[in-house]
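*Asks:* One file: start_28.cif (mmCIF, C-alpha atoms and all ligand atoms).
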```cif
data_final
loop_
_atom_site.label_atom_id
_atom_site.label_comp_id
_atom_site.auth_asym_id
_atom_site.auth_seq_id
_atom_site.Cartn_x
_atom_site.Cartn_y
_atom_site.Cartn_z
CA MET A 1 0.00 0.00 0.00
CA ASP A 2 1.52 3.30 -1.07
CA ILE A 3 -0.15 6.15 0.75
CA TYR A 4 2.11 8.85 -0.67
CA SER A 5 1.49 10.85 -3.85
CA GLU A 6 4.21 11.98 -6.29
CA GLU A 7 4.16 15.37 -4.56
CA HIS A 8 4.80 13.71 -1.19
CA LYS A 9 7.67 11.72 -2.68
CA MET A 10 9.29 14.81 -4.19
CA PHE A 11 8.93 16.55 -0.85
CA ARG A 12 10.57 13.60 0.92
CA ARG A 13 13.51 13.65 -1.50
CA SER A 14 14.15 17.35 -0.99
CA PHE A 15 13.73 17.10 2.80
CA VAL A 16 16.18 14.17 2.97
CA LYS A 17 18.71 16.29 1.05
CA PHE A 18 18.16 19.15 3.47
CA VAL A 19 18.62 16.85 6.49
CA GLU A 20 21.79 15.34 5.03
CA SER A 21 23.37 18.68 4.17
CA GLU A 22 22.14 20.99 6.94
CA LEU A 23 21.21 18.88 9.99
CA SER A 24 23.15 15.58 10.07
CA PRO A 25 26.63 17.19 9.99
CA HIS A 26 25.82 19.02 13.25
CA ILE A 27 24.06 16.32 15.27
CA GLU A 28 27.09 15.17 17.25
CA GLU A 29 27.86 18.77 18.23
CA TRP A 30 24.25 19.38 19.33
CA GLU A 31 24.27 16.14 21.31
CA GLU A 32 27.42 17.27 23.10
CA LYS A 33 26.09 20.79 23.79
CA ARG A 34 22.72 19.31 24.74
CA GLU A 35 20.72 21.71 22.61
CA ILE A 36 19.66 22.50 19.08
CA PRO A 37 20.55 26.14 18.40
CA ARG A 38 17.91 28.70 17.49
CA TRP A 39 19.27 29.22 13.97
CA VAL A 40 18.16 25.68 13.11
CA TRP A 41 14.59 26.52 14.06
CA LEU A 42 14.72 29.67 11.95
CA ARG A 43 16.19 27.74 9.01
CA MET A 44 13.51 25.02 9.31
CA GLY A 45 10.90 27.79 9.34
CA GLU A 46 12.45 29.54 6.35
CA MET A 47 12.33 26.28 4.38
CA GLY A 48 8.65 25.72 5.23
CA TYR A 49 9.40 22.63 7.33
CA LEU A 50 7.58 23.84 10.47
CA CYS A 51 3.79 23.48 10.71
CA PRO A 52 3.36 23.02 6.91
CA TRP A 53 -0.30 22.08 7.49
CA LEU A 54 -1.24 25.57 8.72
CA GLU A 55 -3.45 27.71 6.54
CA GLU A 56 -1.52 30.19 4.38
CA LYS A 57 -2.76 33.15 6.42
CA TYR A 58 -0.94 31.70 9.44
CA GLY A 59 2.26 30.95 7.54
CA GLY A 60 1.68 27.38 6.36
CA THR A 61 0.86 25.86 2.99
CA GLY A 62 -2.23 23.90 3.98
CA ALA A 63 -0.31 20.64 3.49
CA ASP A 64 -2.00 17.36 4.47
CA PHE A 65 -0.81 15.09 7.30
CA GLY A 66 1.25 13.00 4.84
CA PHE A 67 3.81 15.84 4.72
CA SER A 68 4.01 15.95 8.52
CA ALA A 69 4.44 12.17 8.59
CA ILE A 70 7.35 12.45 6.14
CA LEU A 71 9.03 15.22 8.17
CA ASN A 72 8.74 13.27 11.43
CA GLU A 73 9.94 9.98 9.93
CA GLU A 74 12.96 11.53 8.26
CA LEU A 75 13.93 13.50 11.37
CA ALA A 76 13.69 10.26 13.39
CA LYS A 77 15.80 8.36 10.85
CA ALA A 78 18.44 11.07 11.07
CA GLY A 79 18.36 10.87 14.86
CA VAL A 80 17.26 14.50 15.32
CA GLY A 81 15.21 14.58 18.60
CA ILE A 82 11.48 15.12 18.80
CA GLY A 83 11.46 18.89 19.30
CA PHE A 84 10.43 19.93 15.79
CA GLY A 85 7.65 17.35 15.46
CA LEU A 86 6.38 18.17 18.92
CA HIS A 87 6.26 21.87 18.06
CA SER A 88 4.71 21.50 14.59
CA ASP A 89 2.41 18.52 14.73
CA ILE A 90 1.59 18.02 18.40
CA ILE A 91 1.40 21.45 20.06
CA ALA A 92 0.59 23.96 17.31
CA PRO A 93 -2.58 21.94 16.50
CA TYR A 94 -3.97 22.87 19.95
CA ILE A 95 -3.70 26.57 19.09
CA GLN A 96 -5.20 25.98 15.66
CA ALA A 97 -8.11 23.90 17.03
CA TYR A 98 -8.98 25.75 20.23
CA GLY A 99 -7.44 29.22 19.85
CA THR A 100 -9.34 32.42 19.17
CA GLU A 101 -8.66 34.30 15.94
CA LYS A 102 -6.44 36.71 17.89
CA GLN A 103 -4.44 33.89 19.55
CA LYS A 104 -3.94 32.21 16.18
CA SER A 105 -2.81 35.34 14.37
CA ASP A 106 -0.60 36.45 17.28
CA TRP A 107 1.20 33.13 17.73
CA LEU A 108 0.95 30.74 14.78
CA PRO A 109 2.87 32.72 12.09
CA ALA A 110 5.83 33.09 14.50
CA CYS A 111 5.64 29.33 15.21
CA ALA A 112 5.77 28.58 11.47
CA ARG A 113 8.81 30.84 11.09
CA GLY A 114 10.60 29.18 14.02
CA GLU A 115 10.66 32.43 15.96
CA LYS A 116 8.47 31.08 18.74
CA ILE A 117 9.14 27.56 20.03
CA LEU A 118 6.31 25.61 21.65
CA ALA A 119 6.13 23.22 24.60
CA ILE A 120 3.25 21.48 26.33
CA ALA A 121 3.30 20.94 30.09
CA MET A 122 1.02 18.21 31.39
CA THR A 123 3.24 15.97 33.54
CA GLU A 124 3.92 16.83 37.17
CA PRO A 125 6.26 15.23 39.67
CA GLN A 126 3.25 13.43 41.23
CA ALA A 127 1.14 12.96 38.10
CA GLY A 128 2.35 11.37 34.88
CA SER A 129 0.26 8.46 33.62
CA ASP A 130 -2.51 9.59 35.92
CA LEU A 131 -2.95 13.06 34.45
CA GLN A 132 -6.18 13.62 36.33
CA GLY A 133 -4.15 13.78 39.52
CA MET A 134 -2.44 17.01 38.44
CA ARG A 135 -2.22 19.67 41.13
CA ALA A 136 -1.06 22.81 39.33
CA MET A 137 -3.89 25.28 39.62
CA ALA A 138 -5.04 28.57 38.22
CA VAL A 139 -7.31 30.82 40.22
CA ARG A 140 -9.24 33.68 38.66
CA ASP A 141 -8.35 37.17 39.83
CA GLY A 142 -10.05 39.97 37.89
CA ASN A 143 -9.24 39.40 34.23
CA ASP A 144 -6.24 37.20 35.05
CA TYR A 145 -5.44 33.68 36.14
CA VAL A 146 -2.87 33.24 38.91
CA ILE A 147 -1.03 29.95 38.39
CA ASN A 148 0.79 27.95 41.04
CA GLY A 149 2.44 24.54 40.74
CA SER A 150 5.20 22.75 38.88
CA LYS A 151 5.63 20.56 35.82
CA THR A 152 8.39 18.14 34.91
CA PHE A 153 9.94 16.29 31.94
CA ILE A 154 8.82 19.06 29.56
CA SER A 155 10.33 18.69 26.08
CA ASN A 156 11.52 22.01 24.56
CA GLY A 157 11.10 23.28 28.13
CA ILE A 158 14.29 25.36 28.08
CA SER A 159 13.99 26.75 24.57
CA ALA A 160 10.21 27.32 24.61
CA ASP A 161 8.72 30.78 24.12
CA LEU A 162 5.12 29.65 24.53
CA ILE A 163 4.06 26.85 26.85
CA ILE A 164 0.59 25.33 26.91
CA VAL A 165 0.13 24.52 30.59
CA ALA A 166 -2.55 22.10 31.80
CA VAL A 167 -3.92 23.29 35.14
CA LYS A 168 -6.87 22.76 37.41
CA THR A 169 -9.18 25.75 37.27
CA GLU A 170 -11.74 24.17 39.56
CA ASN A 171 -11.51 21.87 42.59
CA ALA A 172 -7.77 22.45 42.53
CA GLY A 173 -5.84 19.50 43.91
CA ILE A 174 -8.83 17.17 43.89
CA PRO A 175 -8.41 14.10 41.64
CA GLY A 176 -10.66 13.95 38.61
CA ASN A 177 -10.59 15.55 35.21
CA LYS A 178 -13.26 18.11 35.97
CA GLY A 179 -11.88 21.60 35.81
CA ILE A 180 -8.70 21.06 33.80
CA SER A 181 -7.98 23.99 31.48
CA LEU A 182 -5.19 24.81 29.02
CA ILE A 183 -3.48 28.16 29.52
CA VAL A 184 -0.68 29.57 27.37
CA VAL A 185 2.19 31.01 29.41
CA GLU A 186 4.73 33.19 27.60
CA ASP A 187 8.40 32.98 28.50
CA GLY A 188 9.36 35.98 30.62
CA THR A 189 6.03 36.17 32.46
CA PRO A 190 6.77 37.13 36.10
CA GLY A 191 6.37 34.12 38.41
CA PHE A 192 7.28 31.63 35.67
CA THR A 193 10.74 30.04 35.86
CA LYS A 194 12.47 27.28 33.97
CA GLY A 195 14.41 24.76 36.05
CA LYS A 196 17.63 23.13 35.02
CA LYS A 197 18.05 21.19 31.80
CA LEU A 198 17.34 17.59 32.84
CA ASN A 199 20.15 15.09 32.38
CA LYS A 200 18.66 12.26 30.35
CA LEU A 201 19.73 8.76 29.31
CA GLY A 202 19.31 9.66 25.64
CA MET A 203 18.04 12.31 23.22
CA HIS A 204 20.75 14.61 24.50
CA SER A 205 20.25 17.40 21.96
CA GLN A 206 16.59 17.60 22.96
CA ASP A 207 16.17 19.93 25.93
CA THR A 208 13.85 18.70 28.68
CA ALA A 209 13.05 20.75 31.77
CA GLU A 210 11.15 21.31 34.96
CA LEU A 211 8.90 24.39 34.98
CA PHE A 212 7.76 26.36 38.03
CA PHE A 213 4.81 28.67 38.50
CA ASP A 214 4.78 30.88 41.58
CA ASN A 215 1.84 33.29 41.57
CA CYS A 216 2.32 33.54 37.82
CA ARG A 217 -0.26 36.01 36.51
CA VAL A 218 -1.57 35.39 32.98
CA PRO A 219 -4.45 37.21 31.24
CA MET A 220 -7.59 35.12 30.91
CA SER A 221 -7.35 35.77 27.18
CA ASN A 222 -4.42 33.28 27.15
CA ARG A 223 -6.75 30.36 27.90
CA LEU A 224 -7.21 27.96 24.98
CA GLY A 225 -10.81 27.02 24.41
CA GLU A 226 -13.35 26.76 27.17
CA GLU A 227 -12.61 26.68 30.87
CA GLY A 228 -12.80 23.14 32.26
CA LYS A 229 -12.61 21.41 28.87
CA GLY A 230 -8.83 20.91 28.91
CA PHE A 231 -8.92 17.19 29.63
CA SER A 232 -11.10 16.40 26.64
CA TYR A 233 -8.87 18.62 24.45
CA LEU A 234 -5.83 16.63 25.65
CA MET A 235 -7.52 13.30 24.99
CA GLU A 236 -8.39 14.39 21.47
CA LYS A 237 -4.96 15.75 20.55
CA LEU A 238 -3.05 12.89 22.22
CA GLN A 239 -4.14 10.66 19.32
CA GLN A 240 -1.99 12.53 16.79
CA GLU A 241 0.81 12.76 19.40
CA ARG A 242 0.79 8.96 19.70
CA LEU A 243 0.74 8.56 15.94
CA ILE A 244 3.81 10.82 15.67
CA SER A 245 5.52 8.80 18.40
CA ALA A 246 4.82 5.54 16.51
CA LEU A 247 6.10 7.18 13.30
CA CYS A 248 9.35 8.13 15.01
CA SER A 249 9.77 4.61 16.47
CA GLN A 250 9.22 3.13 13.01
CA GLY A 251 11.63 5.59 11.34
CA LEU A 252 14.32 4.79 13.87
CA ALA A 253 13.76 1.00 13.58
CA GLU A 254 14.14 1.24 9.80
CA ARG A 255 17.33 3.30 10.13
CA MET A 256 18.88 0.88 12.67
CA LEU A 257 18.03 -2.14 10.53
CA SER A 258 19.45 -0.69 7.33
CA ASP A 259 22.67 0.48 9.05
CA THR A 260 23.10 -2.95 10.62
CA LEU A 261 22.47 -4.80 7.36
CA ALA A 262 25.26 -2.77 5.75
CA TYR A 263 27.56 -3.48 8.71
CA VAL A 264 27.06 -7.27 8.84
CA LYS A 265 27.91 -7.54 5.16
CA THR A 266 31.35 -6.01 5.63
CA ARG A 267 32.44 -7.05 9.14
CA GLU A 268 34.14 -10.46 9.02
CA ALA A 269 34.76 -13.11 11.67
CA PHE A 270 36.00 -16.67 11.20
CA GLY A 271 36.68 -15.90 7.54
CA LYS A 272 33.24 -14.70 6.47
CA PRO A 273 30.89 -11.71 6.85
CA ILE A 274 29.07 -11.99 10.20
CA GLY A 275 25.71 -11.70 8.41
CA LYS A 276 26.39 -15.10 6.82
CA PHE A 277 26.16 -16.94 10.15
CA GLN A 278 22.73 -18.49 10.24
CA HIS A 279 21.95 -17.22 13.73
CA ASN A 280 22.63 -13.63 12.66
CA ALA A 281 20.83 -13.99 9.34
CA PHE A 282 17.78 -15.33 11.21
CA LYS A 283 17.91 -12.43 13.71
CA LEU A 284 17.97 -10.00 10.77
CA ALA A 285 15.16 -11.89 9.05
CA GLU A 286 13.07 -11.64 12.23
CA MET A 287 13.77 -7.93 12.54
CA ALA A 288 13.05 -7.26 8.85
CA THR A 289 9.69 -9.03 9.32
CA GLU A 290 8.76 -6.99 12.39
CA VAL A 291 9.86 -3.73 10.77
CA GLU A 292 7.75 -4.52 7.69
CA LEU A 293 4.73 -5.38 9.85
CA GLY A 294 5.16 -2.07 11.66
CA ARG A 295 5.37 -0.19 8.35
CA VAL A 296 2.21 -1.74 6.92
CA PHE A 297 0.22 -1.16 10.12
CA LEU A 298 1.49 2.40 10.41
CA ASP A 299 0.80 3.37 6.78
CA ASN A 300 -2.72 2.03 7.19
CA LEU A 301 -3.14 4.13 10.29
CA ILE A 302 -1.76 7.28 8.64
CA SER A 303 -4.23 6.74 5.83
CA ASP A 304 -7.14 6.31 8.32
CA HIS A 305 -6.05 9.41 10.20
CA MET A 306 -5.89 11.43 6.98
CA ALA A 307 -9.39 10.24 6.14
CA GLY A 308 -10.57 11.63 9.49
CA GLU A 309 -11.42 8.22 10.95
CA GLU A 310 -11.44 7.47 14.67
CA ILE A 311 -8.08 5.86 15.52
CA VAL A 312 -8.02 5.58 19.34
CA ALA A 313 -7.63 1.78 19.56
CA LYS A 314 -5.31 1.37 16.57
CA VAL A 315 -3.06 4.29 17.46
CA SER A 316 -2.64 2.88 20.97
CA MET A 317 -1.70 -0.48 19.41
CA ALA A 318 0.80 1.26 17.11
CA LYS A 319 2.34 3.40 19.85
CA TYR A 320 2.78 0.37 22.11
CA TRP A 321 3.81 -2.31 19.60
CA ILE A 322 6.03 -0.24 17.31
CA GLY A 323 7.69 1.45 20.32
CA GLU A 324 8.49 -1.96 21.85
CA MET A 325 9.51 -3.39 18.45
CA ALA A 326 11.97 -0.52 17.88
CA ASN A 327 13.52 -1.30 21.26
CA ARG A 328 13.92 -5.00 20.31
CA VAL A 329 15.51 -3.89 17.05
CA ALA A 330 17.88 -1.56 18.91
CA TYR A 331 18.97 -4.36 21.28
CA ASN A 332 19.56 -6.92 18.54
CA CYS A 333 21.22 -4.49 16.12
CA LEU A 334 23.63 -3.25 18.74
CA GLN A 335 24.55 -6.87 19.55
CA LEU A 336 25.44 -7.44 15.89
CA TYR A 337 27.93 -4.55 16.02
CA GLY A 338 29.79 -6.28 18.88
CA GLY A 339 32.05 -3.89 20.84
CA TYR A 340 31.75 -1.21 18.15
CA GLY A 341 28.05 -0.94 18.94
CA TYR A 342 29.00 0.26 22.40
CA MET A 343 31.18 3.06 21.01
CA GLU A 344 29.68 6.50 20.59
CA GLU A 345 31.21 6.95 17.15
CA TYR A 346 28.72 4.42 15.79
CA PRO A 347 25.20 5.92 15.55
CA ILE A 348 23.66 2.64 16.80
CA ALA A 349 24.90 3.48 20.33
CA ARG A 350 22.97 6.76 20.28
CA HIS A 351 19.88 5.23 18.70
CA TYR A 352 19.87 2.49 21.36
CA ARG A 353 19.76 5.17 24.10
CA ASP A 354 17.34 7.44 22.24
CA VAL A 355 14.72 4.80 21.46
CA ARG A 356 14.29 3.73 25.09
CA VAL A 357 11.91 6.58 25.86
CA HIS A 358 9.55 5.61 23.03
CA THR A 359 7.73 3.16 25.33
CA ILE A 360 7.45 5.80 28.06
CA TYR A 361 6.51 9.26 26.79
CA ALA A 362 3.20 10.20 25.17
CA GLY A 363 1.64 7.44 27.31
CA THR A 364 3.53 4.34 28.44
CA SER A 365 3.07 0.92 26.82
CA GLU A 366 1.05 -0.10 29.87
CA ILE A 367 -1.32 2.86 29.49
CA MET A 368 -1.69 2.02 25.78
CA LYS A 369 -2.69 -1.53 26.77
CA LEU A 370 -5.24 -0.13 29.25
CA ILE A 371 -6.82 1.89 26.42
CA ILE A 372 -6.81 -1.10 24.04
CA ALA A 373 -8.35 -3.31 26.74
CA ARG A 374 -11.06 -0.71 27.30
CA THR A 375 -11.95 -0.78 23.61
CA LEU A 376 -12.30 -4.57 23.97
CA GLY A 377 -14.92 -3.98 26.63
CA LEU A 378 -12.56 -5.02 29.47
C1 LIG B 401 12.20 12.45 27.58
C2 LIG B 401 10.81 12.73 28.05
C3 LIG B 401 10.09 13.74 27.45
C4 LIG B 401 8.80 14.06 27.92
N1 LIG B 401 8.13 15.14 27.38
C5 LIG B 401 6.97 15.55 27.96
C6 LIG B 401 6.34 16.77 27.55
O1 LIG B 401 6.81 17.46 26.64
N2 LIG B 401 5.20 17.16 28.21
C7 LIG B 401 4.65 16.43 29.21
O2 LIG B 401 3.64 16.84 29.76
N3 LIG B 401 5.22 15.25 29.61
C8 LIG B 401 6.37 14.81 29.03
N4 LIG B 401 6.96 13.63 29.45
C9 LIG B 401 6.35 12.88 30.53
C10 LIG B 401 5.79 11.52 30.10
O3 LIG B 401 4.64 11.67 29.33
C11 LIG B 401 5.59 10.69 31.38
O4 LIG B 401 6.89 10.36 31.87
C12 LIG B 401 4.78 9.43 31.14
O5 LIG B 401 3.46 9.74 30.82
C13 LIG B 401 4.80 8.50 32.37
O6 LIG B 401 4.50 9.18 33.55
P1 LIG B 401 5.47 9.02 34.84
O7 LIG B 401 6.87 9.28 34.37
O8 LIG B 401 4.95 9.88 35.92
O9 LIG B 401 5.38 7.51 35.23
P2 LIG B 401 4.29 6.86 36.18
O10 LIG B 401 2.94 7.32 35.82
O11 LIG B 401 4.73 7.03 37.61
O12 LIG B 401 4.44 5.31 35.80
C14 LIG B 401 5.48 4.48 36.31
C15 LIG B 401 5.24 3.07 35.77
O13 LIG B 401 3.97 2.59 36.25
C16 LIG B 401 3.19 2.18 35.15
N5 LIG B 401 1.78 2.46 35.39
C17 LIG B 401 1.20 3.63 35.78
N6 LIG B 401 -0.13 3.48 35.88
C18 LIG B 401 -0.40 2.20 35.53
C19 LIG B 401 -1.58 1.42 35.43
N7 LIG B 401 -2.79 1.95 35.67
N8 LIG B 401 -1.48 0.11 35.06
C20 LIG B 401 -0.28 -0.43 34.80
N9 LIG B 401 0.88 0.24 34.89
C21 LIG B 401 0.82 1.55 35.24
C22 LIG B 401 3.70 3.00 33.96
O14 LIG B 401 3.37 2.37 32.72
C23 LIG B 401 5.20 3.00 34.26
O15 LIG B 401 5.77 1.80 33.80
C24 LIG B 401 8.23 13.29 28.96
C25 LIG B 401 8.95 12.23 29.52
C26 LIG B 401 10.22 11.96 29.09
C27 LIG B 401 10.99 10.83 29.75
#
```
Take the structure in this file and express it as C-alpha cells.
*Replies:*
Amino acid sequence: MDIYSEEHKMFRRSFVKFVESELSPHIEEWEEKREIPRWVWLRMGEMGYLCPWLEEKYGGTGADFGFSAILNEELAKAGVGIGFGLHSDIIAPYIQAYGTEKQKSDWLPACARGEKILAIAMTEPQAGSDLQGMRAMAVRDGNDYVINGSKTFISNGISADLIIVAVKTENAGIPGNKGISLIVVEDGTPGFTKGKKLNKLGMHSQDTAELFFDNCRVPMSNRLGEEGKGFSYLMEKLQQERLISALCSQGLAERMLSDTLAYVKTREAFGKPIGKFQHNAFKLAEMATEVELGRVFLDNLISDHMAGEEIVAKVSMAKYWIGEMANRVAYNCLQLYGGYGYMEEYPIARHYRDVRVHTIYAGTSEIMKLIIARTLGL
C-alpha cells in the first residue's frame, strides 16, 4: 500500500537532502552541547518545514498530514530529537483547534517561522500516567489567572517561548478531570521560571526541563478554548501525538536495521561476513519481518487518520507495539555490532539510548494496553 502521492515523494527527496546537508553534519555537536541552536529553528521555518499544514494566512501551505508524517519519519531516521515534530504537529494543532482568531494570528505565524518555540506541560512530579491527579492550579483574579504549581519532563522546556500549561481551574488538587484547562504562558512572564536542563539517558540534543509557577499572573485571554474542557482537548490531541511517536519509532527502527544490514555484510569473523552466520541472518530476518509489519500497520493508520477516521484503539496499538519493536531492534542491532556498537562513534549506540523513551513518553506501553483493553470492553 503506497499512501504517498508523487508530490509527497518529491517533498521527501528534498527534505532528505536538506537533512543530510544541513542537519546531520551538526548532530554530534548538538548532542554534546545538549541543545539545538535557534538558527536551526529559523532555518527550518524559512524552508517551510515547520507546521506546513497551517493555513496560508498563518504561515503554512495547507499541506495534508502526509507531509508531517514524512518530516517526522525523516527526522527520526536522522536521529534528530522530537522537538520539531512536537512543536509543529503536536502542540501547534492545539492553538489551531482551540485558539481564538487573535491567539492564532498572534502566535501561529511566529511558530511557522521558528521564531516562537512551543512546549506542552502536562506531567507533574506526582502525576504522569494519571494526568487527572495534576495539582497545578489557576485561580481567577479579575481578568487574570494566577497559576501555582510545577511541571516536569517538559520537552523544549528550556527553549520554549510559549508553553501550553494544563492546570486545574476548579476543585484544585482534587483528583478527577473536571476543571482542567489549558493556559498559554509566555516565557518571561513574572512568576514563571524554567528549572535546570534535565540530564537524560538519551536524546541529548533535545532539551527537557522542569517548569515552576509561583503566583504567575496570565491574562484570561491566554486560555485555549473553554474553561474546564482541557482534559477532553488533551484526549483528542493525544491521538496525533501517539501517531507521531509511533512514526518516530518506526523511522528509527528502519534506520537501525538498514545500518546494521550494511555493517554485517562487511564485518568479518572466522573468515566470512558476520551476516552469513545463520543465527545472525535469522535475527535479521526476524527484525526485517517486524519492521515490515510495523510499516504496513502504520501506513494504514496514517491513511485512516488522513481520512478523518477514529483511531483511538489502533493508534494505541501502534504506539505500544512499534515502540516496543523498535527497542527490540535496537537491542539486537547493537549486539550485531559487537564492541563497536558500544562506542559512541557508531550511531547505533545513540539510537539504542534514544529509542528507550519511546515506550514511556506520550503514554507508556502499559497505558496504551489499558486503552486497548477498554476498547475490547474489558
Ligand atoms: C524524555 C521525556 C520527554 C517528555 N516530554 C513531555 C512533555 O513534553 N510534556 C509532558 O507533559 N510530559 C512529558 N513527558 C512525561 C511523560 O509523558 C511521562 O513520563 C509518562 O506519561 C509517564 O509518567 P510518569 O513518568 O509519571 O510515570 P508513572 O505514571 O509514575 O508510571 C510508572 C510506571 O507505572 C506504570 N503504570 C502507571 N499506571 C499504571 C496502570 N494503571 N497500570 C499499569 N501500569 C501503570 C507505567 O506504565 C510505568 O511503567 C516526557 C517524559 C520523558 C521521559
*Asks:* Kindly compile the residues surrounding ligand LIG 401 (chain B) within 10 Å, counting all atoms listed in the file, and format them as a ChimeraX atom specification.
*Replies:* /A:81-83,86-87,90-91,118-131,151-157,163-166,198-204,206-210,354,356-370
*Asks:* Given 5 Å of margin on each side, can you work out the centre and size in Å (one decimal) of an axis-aligned box holding every listed atom of range 69-87 of chain A, as lines of an AutoDock Vina configuration file?
*Replies:*
```
center_x = 11.4
center_y = 15.1
center_z = 12.7
size_x = 24.0
size_y = 23.5
size_z = 23.2
```
*Asks:* Between A:Gly225, A:Gly339, A:Gly275, A:Gly323, which residue has the minimum interatomic distance to Gly99 in chain A, considering all atoms listed in the file?
*Replies:*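 Under the stated criterion, the closest residue is A:Gly225.
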*Asks:* Using CA of Glu345 in chain A and CA of Met287 in chain A as the two end points, give the distance in Å to one decimal.
*Replies:* 23.4 Å
*Asks:* Which residue gives the smallest distance to Gly142 in chain A among A:Gln335, A:Val218, A:Ile158, A:Phe277, with all atoms listed in the file counted?
*Replies:*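 Smallest distance to Gly142 in chain A is found for A:Val218.
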*Asks:* I need the residue nearest Ala313 in chain A from this list: A:Lys194, A:Val296, A:Leu301, A:Met220. Use all atoms listed in the file for the distance.
*Replies:*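 Ranked by minimum distance to Ala313 in chain A, first place goes to A:Leu301.
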*Asks:* Go ahead and compute the interatomic distance for CA of Gln250 in chain A and CA of Pro37 in chain A, in Å to one decimal.
*Replies:* 26.2 Å
*Asks:* What does the distance from CA of Ser245 in chain A to CA of Ala326 in chain A come to in Å, to one decimal?
*Replies:*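 Between CA of Ser245 in chain A and CA of Ala326 in chain A the gap is 11.3 Å.
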*Asks:* Would you please work out which residue, of A:Glu236, A:Glu28, A:Glu74, A:Asp144, is nearest to Ala253 in chain A when using all atoms listed in the file?
*Replies:*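 Checking each candidate against Ala253 in chain A, we get A:Glu74 as the closest.
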*Asks:* Closest to Ser181 in chain A among A:Asp89, A:Glu29, A:Glu227, A:Glu292, using all atoms listed in the file?
*Replies:*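 Closest residue, counting all atoms listed in the file: A:Glu227.
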*Asks:* Select all residues near (-7.1, 19.7, 26.2) (cut-off 8 Å, inclusive, file coordinates), counting all atoms listed in the file, and output them as a ChimeraX atom specification.
*Replies:* /A:94,166,180-182,229-237
*Asks:* Which is closer to Glu73 in chain A than all the others in A:Pro52, A:Lys168, A:Leu298, A:Ser159, using only C-alpha atoms?
*Replies:* A:Leu298
*Asks:* Would you kindly identify which residues have an atom no farther than 12 Å from (6.4, 2.3, 7.7), using all atoms listed in the file and the file's own coordinates, and write them out as a ChimeraX atom specification?
*Replies:* /A:1-4,69-70,72-74,77,243-244,246-255,288-303,318,322,326
*Asks:* At the level of N, CA, C and O atoms, write range 334-346 of chain A to a file as a PDB file, in the first residue's frame, please.
*Replies:*
```
ATOM      1  N   LEU A 334      22.403  -3.603  18.021  1.00  0.00           N
ATOM      2  CA  LEU A 334      23.635  -3.248  18.744  1.00  0.00           C
ATOM      3  C   LEU A 334      24.475  -4.506  18.991  1.00  0.00           C
ATOM      4  O   LEU A 334      25.700  -4.502  18.807  1.00  0.00           O
ATOM      5  N   GLN A 335      23.832  -5.605  19.320  1.00  0.00           N
ATOM      6  CA  GLN A 335      24.552  -6.870  19.548  1.00  0.00           C
ATOM      7  C   GLN A 335      25.344  -7.276  18.301  1.00  0.00           C
ATOM      8  O   GLN A 335      26.471  -7.757  18.396  1.00  0.00           O
ATOM      9  N   LEU A 336      24.756  -7.039  17.138  1.00  0.00           N
ATOM     10  CA  LEU A 336      25.439  -7.436  15.893  1.00  0.00           C
ATOM     11  C   LEU A 336      26.670  -6.573  15.599  1.00  0.00           C
ATOM     12  O   LEU A 336      27.529  -6.965  14.821  1.00  0.00           O
ATOM     13  N   TYR A 337      26.746  -5.404  16.192  1.00  0.00           N
ATOM     14  CA  TYR A 337      27.935  -4.551  16.024  1.00  0.00           C
ATOM     15  C   TYR A 337      29.059  -4.981  16.974  1.00  0.00           C
ATOM     16  O   TYR A 337      30.177  -4.456  16.889  1.00  0.00           O
ATOM     17  N   GLY A 338      28.767  -5.898  17.909  1.00  0.00           N
ATOM     18  CA  GLY A 338      29.789  -6.275  18.883  1.00  0.00           C
ATOM     19  C   GLY A 338      30.237  -5.048  19.678  1.00  0.00           C
ATOM     20  O   GLY A 338      29.438  -4.144  19.943  1.00  0.00           O
ATOM     21  N   GLY A 339      31.518  -4.991  20.018  1.00  0.00           N
ATOM     22  CA  GLY A 339      32.050  -3.893  20.836  1.00  0.00           C
ATOM     23  C   GLY A 339      31.895  -2.540  20.176  1.00  0.00           C
ATOM     24  O   GLY A 339      31.724  -1.522  20.858  1.00  0.00           O
ATOM     25  N   TYR A 340      31.889  -2.504  18.843  1.00  0.00           N
ATOM     26  CA  TYR A 340      31.752  -1.212  18.150  1.00  0.00           C
ATOM     27  C   TYR A 340      30.381  -0.589  18.414  1.00  0.00           C
ATOM     28  O   TYR A 340      30.232   0.626  18.422  1.00  0.00           O
ATOM     29  N   GLY A 341      29.398  -1.448  18.659  1.00  0.00           N
ATOM     30  CA  GLY A 341      28.054  -0.938  18.944  1.00  0.00           C
ATOM     31  C   GLY A 341      28.001  -0.155  20.240  1.00  0.00           C
ATOM     32  O   GLY A 341      27.092   0.639  20.457  1.00  0.00           O
ATOM     33  N   TYR A 342      28.982  -0.405  21.099  1.00  0.00           N
ATOM     34  CA  TYR A 342      29.001   0.259  22.404  1.00  0.00           C
ATOM     35  C   TYR A 342      29.780   1.564  22.346  1.00  0.00           C
ATOM     36  O   TYR A 342      29.866   2.288  23.329  1.00  0.00           O
ATOM     37  N   MET A 343      30.351   1.845  21.181  1.00  0.00           N
ATOM     38  CA  MET A 343      31.176   3.056  21.014  1.00  0.00           C
ATOM     39  C   MET A 343      30.327   4.178  20.422  1.00  0.00           C
ATOM     40  O   MET A 343      29.602   3.969  19.449  1.00  0.00           O
ATOM     41  N   GLU A 344      30.499   5.355  21.004  1.00  0.00           N
ATOM     42  CA  GLU A 344      29.678   6.497  20.593  1.00  0.00           C
ATOM     43  C   GLU A 344      29.885   6.893  19.133  1.00  0.00           C
ATOM     44  O   GLU A 344      29.037   7.552  18.543  1.00  0.00           O
ATOM     45  N   GLU A 345      31.020   6.519  18.541  1.00  0.00           N
ATOM     46  CA  GLU A 345      31.212   6.953  17.147  1.00  0.00           C
ATOM     47  C   GLU A 345      30.308   6.197  16.177  1.00  0.00           C
ATOM     48  O   GLU A 345      30.175   6.597  15.017  1.00  0.00           O
ATOM     49  N   TYR A 346      29.686   5.129  16.645  1.00  0.00           N
ATOM     50  CA  TYR A 346      28.716   4.421  15.793  1.00  0.00           C
ATOM     51  C   TYR A 346      27.304   4.872  16.175  1.00  0.00           C
ATOM     52  O   TYR A 346      26.920   4.758  17.353  1.00  0.00           O
TER      53      TYR A 346
END
```
